[in-house]
file input_9.txt (compact mmCIF, N, CA and C atoms)
# COMPACT_ATOMS: atom_id res chain seq x y z
N MET A 166 -16.55 25.91 -41.68
CA MET A 166 -17.25 26.90 -40.91
C MET A 166 -17.56 28.08 -41.81
N HIS A 167 -18.76 28.63 -41.69
CA HIS A 167 -19.09 29.83 -42.44
C HIS A 167 -19.92 30.77 -41.59
N ASP A 168 -19.86 32.04 -41.96
CA ASP A 168 -20.57 33.07 -41.24
C ASP A 168 -21.09 34.06 -42.25
N ARG A 169 -22.31 34.47 -42.08
CA ARG A 169 -22.89 35.48 -42.96
C ARG A 169 -23.09 36.73 -42.14
N THR A 170 -22.27 37.74 -42.39
CA THR A 170 -22.32 38.98 -41.65
C THR A 170 -22.79 40.08 -42.58
N GLY A 171 -23.99 40.58 -42.36
CA GLY A 171 -24.52 41.60 -43.26
C GLY A 171 -24.64 41.03 -44.65
N SER A 172 -23.98 41.65 -45.62
CA SER A 172 -24.07 41.21 -47.00
C SER A 172 -22.90 40.32 -47.41
N ALA A 173 -21.95 40.11 -46.52
CA ALA A 173 -20.78 39.31 -46.85
C ALA A 173 -20.90 37.91 -46.27
N THR A 174 -20.31 36.97 -46.95
CA THR A 174 -20.22 35.59 -46.47
C THR A 174 -18.76 35.28 -46.23
N GLU A 175 -18.46 34.75 -45.05
CA GLU A 175 -17.08 34.40 -44.73
C GLU A 175 -17.00 32.94 -44.34
N ILE A 176 -16.04 32.25 -44.92
CA ILE A 176 -15.79 30.86 -44.56
C ILE A 176 -14.33 30.75 -44.15
N ARG A 177 -14.02 29.68 -43.49
CA ARG A 177 -12.63 29.38 -43.15
C ARG A 177 -12.31 28.02 -43.73
N TRP A 178 -11.29 27.99 -44.59
CA TRP A 178 -10.86 26.74 -45.21
C TRP A 178 -10.01 25.98 -44.22
N GLU A 179 -10.44 24.80 -43.85
CA GLU A 179 -9.73 23.98 -42.87
C GLU A 179 -8.73 23.03 -43.52
N GLY A 180 -8.76 22.92 -44.84
CA GLY A 180 -7.80 22.08 -45.54
C GLY A 180 -8.23 20.64 -45.70
N ASP A 181 -9.42 20.29 -45.20
CA ASP A 181 -9.89 18.90 -45.31
C ASP A 181 -10.63 18.64 -46.62
N GLU A 182 -10.79 19.66 -47.44
CA GLU A 182 -11.39 19.53 -48.76
C GLU A 182 -10.56 20.37 -49.72
N PRO A 183 -10.65 20.10 -51.01
CA PRO A 183 -9.89 20.94 -51.95
C PRO A 183 -10.28 22.41 -51.80
N PHE A 184 -9.31 23.28 -51.96
CA PHE A 184 -9.56 24.70 -51.78
C PHE A 184 -10.64 25.22 -52.70
N HIS A 185 -10.63 24.79 -53.96
CA HIS A 185 -11.62 25.30 -54.91
C HIS A 185 -13.05 24.95 -54.49
N VAL A 186 -13.23 23.84 -53.80
CA VAL A 186 -14.56 23.46 -53.32
C VAL A 186 -15.02 24.43 -52.24
N ALA A 187 -14.13 24.75 -51.30
CA ALA A 187 -14.47 25.71 -50.25
C ALA A 187 -14.77 27.09 -50.85
N LEU A 188 -13.99 27.49 -51.83
CA LEU A 188 -14.20 28.77 -52.49
C LEU A 188 -15.55 28.82 -53.19
N LEU A 189 -15.88 27.77 -53.92
CA LEU A 189 -17.18 27.71 -54.60
C LEU A 189 -18.32 27.66 -53.61
N ASP A 190 -18.14 26.97 -52.49
CA ASP A 190 -19.18 26.94 -51.45
C ASP A 190 -19.47 28.35 -50.94
N ALA A 191 -18.41 29.13 -50.72
CA ALA A 191 -18.59 30.50 -50.23
C ALA A 191 -19.34 31.36 -51.25
N VAL A 192 -18.99 31.23 -52.53
CA VAL A 192 -19.67 31.99 -53.57
C VAL A 192 -21.13 31.55 -53.68
N GLU A 193 -21.36 30.25 -53.59
CA GLU A 193 -22.72 29.72 -53.64
C GLU A 193 -23.56 30.29 -52.49
N LEU A 194 -23.01 30.34 -51.29
CA LEU A 194 -23.74 30.90 -50.15
C LEU A 194 -24.02 32.38 -50.34
N ALA A 195 -23.05 33.11 -50.87
CA ALA A 195 -23.20 34.56 -51.03
C ALA A 195 -24.19 34.94 -52.13
N THR A 196 -24.27 34.11 -53.17
CA THR A 196 -25.08 34.46 -54.34
C THR A 196 -26.40 33.70 -54.44
N ASN A 197 -26.54 32.65 -53.66
CA ASN A 197 -27.71 31.75 -53.77
C ASN A 197 -27.80 31.12 -55.16
N VAL A 198 -26.66 30.87 -55.76
CA VAL A 198 -26.58 30.20 -57.06
C VAL A 198 -25.83 28.89 -56.85
N GLU A 199 -26.36 27.80 -57.36
CA GLU A 199 -25.72 26.50 -57.22
C GLU A 199 -24.33 26.52 -57.87
N ALA A 200 -23.38 25.89 -57.22
CA ALA A 200 -22.01 25.86 -57.73
C ALA A 200 -21.95 25.31 -59.15
N THR A 201 -22.83 24.37 -59.48
CA THR A 201 -22.83 23.79 -60.83
C THR A 201 -23.27 24.80 -61.89
N ASP A 202 -23.91 25.90 -61.47
CA ASP A 202 -24.36 26.93 -62.40
C ASP A 202 -23.36 28.08 -62.52
N LEU A 203 -22.28 28.04 -61.75
CA LEU A 203 -21.26 29.08 -61.80
C LEU A 203 -20.27 28.79 -62.92
N ASP A 204 -19.66 29.85 -63.45
CA ASP A 204 -18.59 29.67 -64.43
C ASP A 204 -17.42 28.96 -63.76
N PRO A 205 -16.63 28.22 -64.53
CA PRO A 205 -15.47 27.54 -63.94
C PRO A 205 -14.52 28.56 -63.28
N ILE A 206 -14.21 28.32 -62.02
CA ILE A 206 -13.35 29.25 -61.27
C ILE A 206 -11.96 29.33 -61.90
N SER A 207 -11.53 28.26 -62.53
CA SER A 207 -10.20 28.22 -63.14
C SER A 207 -10.06 29.21 -64.30
N GLU A 208 -11.17 29.70 -64.84
CA GLU A 208 -11.12 30.70 -65.90
C GLU A 208 -10.90 32.11 -65.34
N THR A 209 -11.01 32.24 -64.02
CA THR A 209 -10.87 33.54 -63.38
C THR A 209 -9.57 33.68 -62.61
N VAL A 210 -9.19 32.62 -61.89
CA VAL A 210 -8.02 32.70 -61.02
C VAL A 210 -7.33 31.34 -60.99
N ASP A 211 -6.04 31.36 -60.78
CA ASP A 211 -5.27 30.12 -60.62
C ASP A 211 -5.49 29.64 -59.19
N VAL A 212 -6.42 28.75 -59.01
CA VAL A 212 -6.84 28.29 -57.69
C VAL A 212 -5.70 27.63 -56.93
N GLU A 213 -4.86 26.88 -57.62
CA GLU A 213 -3.74 26.21 -56.94
C GLU A 213 -2.75 27.23 -56.39
N SER A 214 -2.51 28.32 -57.11
CA SER A 214 -1.62 29.37 -56.62
C SER A 214 -2.19 30.04 -55.38
N VAL A 215 -3.49 30.32 -55.41
CA VAL A 215 -4.14 30.93 -54.25
C VAL A 215 -4.11 29.97 -53.06
N ALA A 216 -4.37 28.70 -53.29
CA ALA A 216 -4.32 27.70 -52.22
C ALA A 216 -2.91 27.61 -51.65
N GLY A 217 -1.89 27.69 -52.49
CA GLY A 217 -0.51 27.67 -52.02
C GLY A 217 -0.20 28.88 -51.16
N PHE A 218 -0.71 30.03 -51.57
CA PHE A 218 -0.54 31.25 -50.77
C PHE A 218 -1.14 31.04 -49.38
N VAL A 219 -2.34 30.49 -49.33
CA VAL A 219 -3.02 30.29 -48.05
C VAL A 219 -2.27 29.27 -47.19
N ARG A 220 -1.79 28.21 -47.81
CA ARG A 220 -1.06 27.17 -47.05
C ARG A 220 0.23 27.71 -46.44
N ASN A 221 0.84 28.69 -47.09
CA ASN A 221 2.15 29.18 -46.66
C ASN A 221 2.10 30.49 -45.89
N SER A 222 0.94 30.89 -45.43
CA SER A 222 0.80 32.12 -44.68
C SER A 222 -0.11 31.88 -43.49
N ASP A 223 0.01 32.73 -42.50
CA ASP A 223 -0.91 32.65 -41.36
C ASP A 223 -1.35 34.04 -40.94
N SER A 224 -1.16 35.01 -41.82
CA SER A 224 -1.46 36.39 -41.50
C SER A 224 -2.76 36.85 -42.13
N ARG A 225 -3.63 37.43 -41.34
CA ARG A 225 -4.87 38.00 -41.84
C ARG A 225 -4.57 39.29 -42.63
N ASP A 226 -3.39 39.85 -42.41
CA ASP A 226 -3.03 41.09 -43.10
C ASP A 226 -2.63 40.88 -44.55
N LEU A 227 -2.30 39.66 -44.93
CA LEU A 227 -1.96 39.35 -46.32
C LEU A 227 -3.18 38.75 -47.00
N TYR A 228 -3.49 39.22 -48.19
CA TYR A 228 -4.65 38.67 -48.89
C TYR A 228 -4.51 38.81 -50.40
N VAL A 229 -5.31 38.01 -51.09
CA VAL A 229 -5.44 38.07 -52.54
C VAL A 229 -6.91 38.37 -52.80
N SER A 230 -7.18 39.27 -53.72
CA SER A 230 -8.57 39.58 -54.04
C SER A 230 -8.79 39.52 -55.55
N PHE A 231 -10.01 39.18 -55.91
CA PHE A 231 -10.38 39.11 -57.32
C PHE A 231 -11.90 39.16 -57.42
N SER A 232 -12.40 39.38 -58.61
CA SER A 232 -13.85 39.35 -58.82
C SER A 232 -14.22 38.04 -59.50
N TYR A 233 -15.38 37.54 -59.11
CA TYR A 233 -15.87 36.28 -59.68
C TYR A 233 -17.37 36.22 -59.52
N GLU A 234 -18.07 35.97 -60.59
CA GLU A 234 -19.52 35.79 -60.58
C GLU A 234 -20.26 36.95 -59.89
N GLY A 235 -19.82 38.17 -60.19
CA GLY A 235 -20.48 39.35 -59.64
C GLY A 235 -20.19 39.59 -58.17
N CYS A 236 -19.08 39.04 -57.70
CA CYS A 236 -18.71 39.19 -56.30
C CYS A 236 -17.26 39.66 -56.16
N TYR A 237 -17.00 40.34 -55.05
CA TYR A 237 -15.65 40.65 -54.62
C TYR A 237 -15.24 39.51 -53.71
N VAL A 238 -14.13 38.85 -54.03
CA VAL A 238 -13.64 37.71 -53.25
C VAL A 238 -12.29 38.08 -52.66
N GLU A 239 -12.16 37.89 -51.36
CA GLU A 239 -10.90 38.16 -50.68
C GLU A 239 -10.48 36.89 -49.95
N VAL A 240 -9.31 36.37 -50.28
CA VAL A 240 -8.75 35.18 -49.65
C VAL A 240 -7.58 35.65 -48.79
N ARG A 241 -7.70 35.43 -47.50
CA ARG A 241 -6.70 35.93 -46.55
C ARG A 241 -5.72 34.83 -46.16
N GLY A 242 -4.56 35.24 -45.73
CA GLY A 242 -3.52 34.31 -45.34
C GLY A 242 -3.88 33.44 -44.15
N ASP A 243 -4.90 33.83 -43.39
CA ASP A 243 -5.32 33.01 -42.23
C ASP A 243 -6.36 31.96 -42.60
N ARG A 244 -6.50 31.71 -43.91
CA ARG A 244 -7.42 30.71 -44.47
C ARG A 244 -8.89 31.14 -44.47
N SER A 245 -9.15 32.41 -44.28
CA SER A 245 -10.53 32.87 -44.37
C SER A 245 -10.79 33.38 -45.79
N VAL A 246 -12.03 33.19 -46.23
CA VAL A 246 -12.47 33.61 -47.55
C VAL A 246 -13.71 34.47 -47.35
N LEU A 247 -13.66 35.70 -47.81
CA LEU A 247 -14.77 36.63 -47.68
C LEU A 247 -15.33 36.90 -49.07
N VAL A 248 -16.63 36.71 -49.23
CA VAL A 248 -17.29 36.92 -50.53
C VAL A 248 -18.42 37.92 -50.34
N THR A 249 -18.36 39.01 -51.11
CA THR A 249 -19.38 40.05 -51.04
C THR A 249 -19.91 40.33 -52.44
N PRO A 250 -21.20 40.11 -52.68
CA PRO A 250 -21.76 40.46 -53.99
C PRO A 250 -21.61 41.96 -54.26
N PHE A 251 -21.26 42.31 -55.50
CA PHE A 251 -21.09 43.71 -55.86
C PHE A 251 -22.36 44.51 -55.58
N ARG A 252 -23.52 43.91 -55.76
CA ARG A 252 -24.77 44.64 -55.53
C ARG A 252 -24.90 45.11 -54.09
N ASP A 253 -24.21 44.42 -53.17
CA ASP A 253 -24.25 44.80 -51.75
C ASP A 253 -23.16 45.79 -51.38
N ILE A 254 -22.16 45.93 -52.23
CA ILE A 254 -21.09 46.88 -51.97
C ILE A 254 -21.54 48.28 -52.37
N ASN A 255 -22.17 48.37 -53.52
CA ASN A 255 -22.66 49.66 -54.02
C ASN A 255 -24.09 49.48 -54.50
N PRO A 256 -25.05 49.57 -53.59
CA PRO A 256 -26.45 49.28 -53.96
C PRO A 256 -27.09 50.31 -54.89
N ASN A 257 -26.43 51.42 -55.18
CA ASN A 257 -27.03 52.46 -56.05
C ASN A 257 -26.77 52.20 -57.49

call {"tool": "encode", "arguments": {"input": "input_9.txt", "output": "structure tokens"}}
result
Amino acid sequence: MHDRTGSATEIRWEGDEPFHVALLDAVELATNVEATDLDPISETVDVESVAGFVRNSDSRDLYVSFSYEGCYVEVRGDRSVLVTPFRDINPN
């Protein structure tokens, strides 16, 4: 499931696909850049550690954030992933 609210893209990882695939899908939707053209996510964040955090939490109040491909990425404990391009955070 994904939702595009304003300049942010939010998806919810249901666990039926690898976490890194869901994360790349969210970035692809937010940036309009094909996942195959993005830098390897593993060079930015330990995806397995983030996936473990998500699997072991159910709180929207707990989150991990990082920057990737010109975006602010927030992964919440409730399995939601919010991706906002930096250009939309500070358009000036």

call {"tool": "residues_around", "arguments": {"input": "input_9.txt", "residues": "region 229-245 of chain A", "least_positions_apart": "4", "cutoff": "6 Å", "atoms": "only C-alpha atoms", "output": "PyMOL selection string"}}
result
chain A and resi 176-178+219+222-225+249-251

call {"tool": "closest_residue", "arguments": {"input": "input_9.txt", "among": "A:Asp211, A:Ile206, A:Arg220, A:Val248", "to": "Glu179 (chain A)", "atoms": "only C-alpha atoms"}}
result
A:Arg220

call {"tool": "residues_near_point", "arguments": {"input": "input_9.txt", "point": "(-16.2, 37.3, -46.5)", "cutoff": "6 Å", "atoms": "only C-alpha atoms", "output": "ChimeraX atom specification"}}
result
/A:173-175,246-248

call {"tool": "atom_distance", "arguments": {"input": "input_9.txt", "atom1": "atom C of Gly180 (chain A)", "atom2": "atom C of Ala200 (chain A)"}}
result
19.8 Å

call {"tool": "atom_distance", "arguments": {"input": "input_9.txt", "atom1": "CA of Phe184 (chain A)", "atom2": "atom C of Ser214 (chain A)"}}
result
9.8 Å

call {"tool": "build_atoms", "arguments": {"input": "input_9.txt", "residues": "region 231-244 of chain A", "atoms": "N, CA, C and O atoms", "output": "JSON list (two decimals), in the coordinates of the input"}}
result
[["chain", "number", "residue", "atom", "x", "y", "z"],
["A", 231, "PHE", "N", -10.01, 39.18, -55.91],
["A", 231, "PHE", "CA", -10.38, 39.11, -57.32],
["A", 231, "PHE", "C", -11.90, 39.16, -57.42],
["A", 231, "PHE", "O", -12.60, 39.03, -56.41],
["A", 232, "SER", "N", -12.40, 39.38, -58.61],
["A", 232, "SER", "CA", -13.85, 39.35, -58.82],
["A", 232, "SER", "C", -14.22, 38.04, -59.50],
["A", 232, "SER", "O", -13.47, 37.52, -60.33],
["A", 233, "TYR", "N", -15.38, 37.54, -59.11],
["A", 233, "TYR", "CA", -15.87, 36.28, -59.68],
["A", 233, "TYR", "C", -17.37, 36.22, -59.52],
["A", 233, "TYR", "O", -17.89, 36.46, -58.42],
["A", 234, "GLU", "N", -18.07, 35.97, -60.59],
["A", 234, "GLU", "CA", -19.52, 35.79, -60.58],
["A", 234, "GLU", "C", -20.26, 36.95, -59.89],
["A", 234, "GLU", "O", -21.19, 36.75, -59.12],
["A", 235, "GLY", "N", -19.82, 38.17, -60.19],
["A", 235, "GLY", "CA", -20.48, 39.35, -59.64],
["A", 235, "GLY", "C", -20.19, 39.59, -58.17],
["A", 235, "GLY", "O", -20.95, 40.28, -57.49],
["A", 236, "CYS", "N", -19.08, 39.04, -57.70],
["A", 236, "CYS", "CA", -18.71, 39.19, -56.30],
["A", 236, "CYS", "C", -17.26, 39.66, -56.16],
["A", 236, "CYS", "O", -16.43, 39.38, -57.00],
["A", 237, "TYR", "N", -17.00, 40.34, -55.05],
["A", 237, "TYR", "CA", -15.65, 40.65, -54.62],
["A", 237, "TYR", "C", -15.24, 39.51, -53.71],
["A", 237, "TYR", "O", -15.93, 39.20, -52.74],
["A", 238, "VAL", "N", -14.13, 38.85, -54.03],
["A", 238, "VAL", "CA", -13.64, 37.71, -53.25],
["A", 238, "VAL", "C", -12.29, 38.08, -52.66],
["A", 238, "VAL", "O", -11.41, 38.53, -53.39],
["A", 239, "GLU", "N", -12.16, 37.89, -51.36],
["A", 239, "GLU", "CA", -10.90, 38.16, -50.68],
["A", 239, "GLU", "C", -10.48, 36.89, -49.95],
["A", 239, "GLU", "O", -11.22, 36.37, -49.12],
["A", 240, "VAL", "N", -9.31, 36.37, -50.28],
["A", 240, "VAL", "CA", -8.75, 35.18, -49.65],
["A", 240, "VAL", "C", -7.58, 35.65, -48.79],
["A", 240, "VAL", "O", -6.62, 36.20, -49.30],
["A", 241, "ARG", "N", -7.70, 35.43, -47.50],
["A", 241, "ARG", "CA", -6.70, 35.93, -46.55],
["A", 241, "ARG", "C", -5.72, 34.83, -46.16],
["A", 241, "ARG", "O", -6.05, 33.66, -46.18],
["A", 242, "GLY", "N", -4.56, 35.24, -45.73],
["A", 242, "GLY", "CA", -3.52, 34.31, -45.34],
["A", 242, "GLY", "C", -3.88, 33.44, -44.15],
["A", 242, "GLY", "O", -3.24, 32.42, -43.91],
["A", 243, "ASP", "N", -4.90, 33.83, -43.39],
["A", 243, "ASP", "CA", -5.32, 33.01, -42.23],
["A", 243, "ASP", "C", -6.36, 31.96, -42.60],
["A", 243, "ASP", "O", -7.02, 31.40, -41.75],
["A", 244, "ARG", "N", -6.50, 31.71, -43.91],
["A", 244, "ARG", "CA", -7.42, 30.71, -44.47],
["A", 244, "ARG", "C", -8.89, 31.14, -44.47],
["A", 244, "ARG", "O", -9.78, 30.33, -44.65]]
